[in-house]
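Enquirer: Supplied in structure tokens, the structure appears directly below.
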Amino acid sequence: MTVRLLLVQRASAAMLALFVLVHLTAMTFAVRGGLTAAEILGRTRGSASWGLFYGLFVAVAAAHGAIGLRTVLIEWAGLNPRAAGGIAGAAGILLLVLGLRAVWAVCVGGAP
């Protein structure tokens, strides 16, 4: 793994820890407050701040996952770095697109 990818991987891990903490805290308060899934969706629809939060969460998770997958493909599957990068990049883009579709559905409503 290059130094740049290692730094991005470490930085994204730290960011993901914060995103997960905020997400779990929000969900815990919502559920303990008696909100149903429909009520939670009602509160997230039209919320630019939740859309931005979850959009960034998805982008960071997609990048983190793609870098990790590249490393696994090189170290465990024996692929050359170029092939592993291509596969991991495609997987990262797929994760990003699917994740952003989910964010759209939760924060805007319906499929984009």
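Letters A, B, ... go to the chains of the structure tokens in the order shown; residues in each chain start at 1; ligands are counted from 1 in the same order.
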What lies within 7 Å of range 108-110 of chain A using only C-alpha atoms, ignoring chain neighbours under 4 positions off, as a PyMOL selection string?

Expert: chain A and resi 45-46+104

Enquirer: List every residue of chain A that DSSP, applied to the backbone of this structure, places in alpha helix (DSSP H), and write the result as a PyMOL selection string.

Expert: chain A and resi 3-32+37-44+48-75+81-107

Enquirer: Can you pull out every residue within 12 Å of Ile93 in chain A, counting only C-alpha atoms, but drop anything in the same chain fewer than 5 positions away, and send it as a ChimeraX atom specification?

Expert: /A:58-67,85-88,98-100

Enquirer: For each of A:Ala13, A:Ala30, A:Ala90, A:Leu56, take the minimum atom-to-atom distance to Arg70 in chain A, counting only C-alpha atoms, then give the residue where this is smallest.

Expert: A:Ala90

Enquirer: Could you tell me which of A:Ala83, A:Gly68, A:Ile74, A:Gly42 comes closest to Val106 in chain A if we count only C-alpha atoms?

Expert: A:Gly42

Enquirer: Record the distance separating CA of Thr71 in chain A and CA of Ala84 in chain A, expressed in Å with one decimal.

Expert: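 Computing it gives 7.8 Å between the two atoms.
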
Enquirer: Pick from A:Asn80, A:Leu16, A:Ile40, A:Phe29: nearest to Tyr54 in chain A, with only C-alpha atoms counted?

Expert: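 For Tyr54 in chain A, the nearest of the candidates is A:Leu16.
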
Enquirer: Calculated over only C-alpha atoms, which of the candidates A:Leu73, A:Ala38, A:Leu21, A:Leu52 has the smallest distance to Cys107 in chain A?

Expert: A:Leu52

Enquirer: Could you jot down the CA of Phe57 in chain A to CA of Val20 in chain A separation for me, Å, one decimal place?

Expert: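 Taking CA of Phe57 in chain A as the start and CA of Val20 in chain A as the end point, the length is 8.5 Å.
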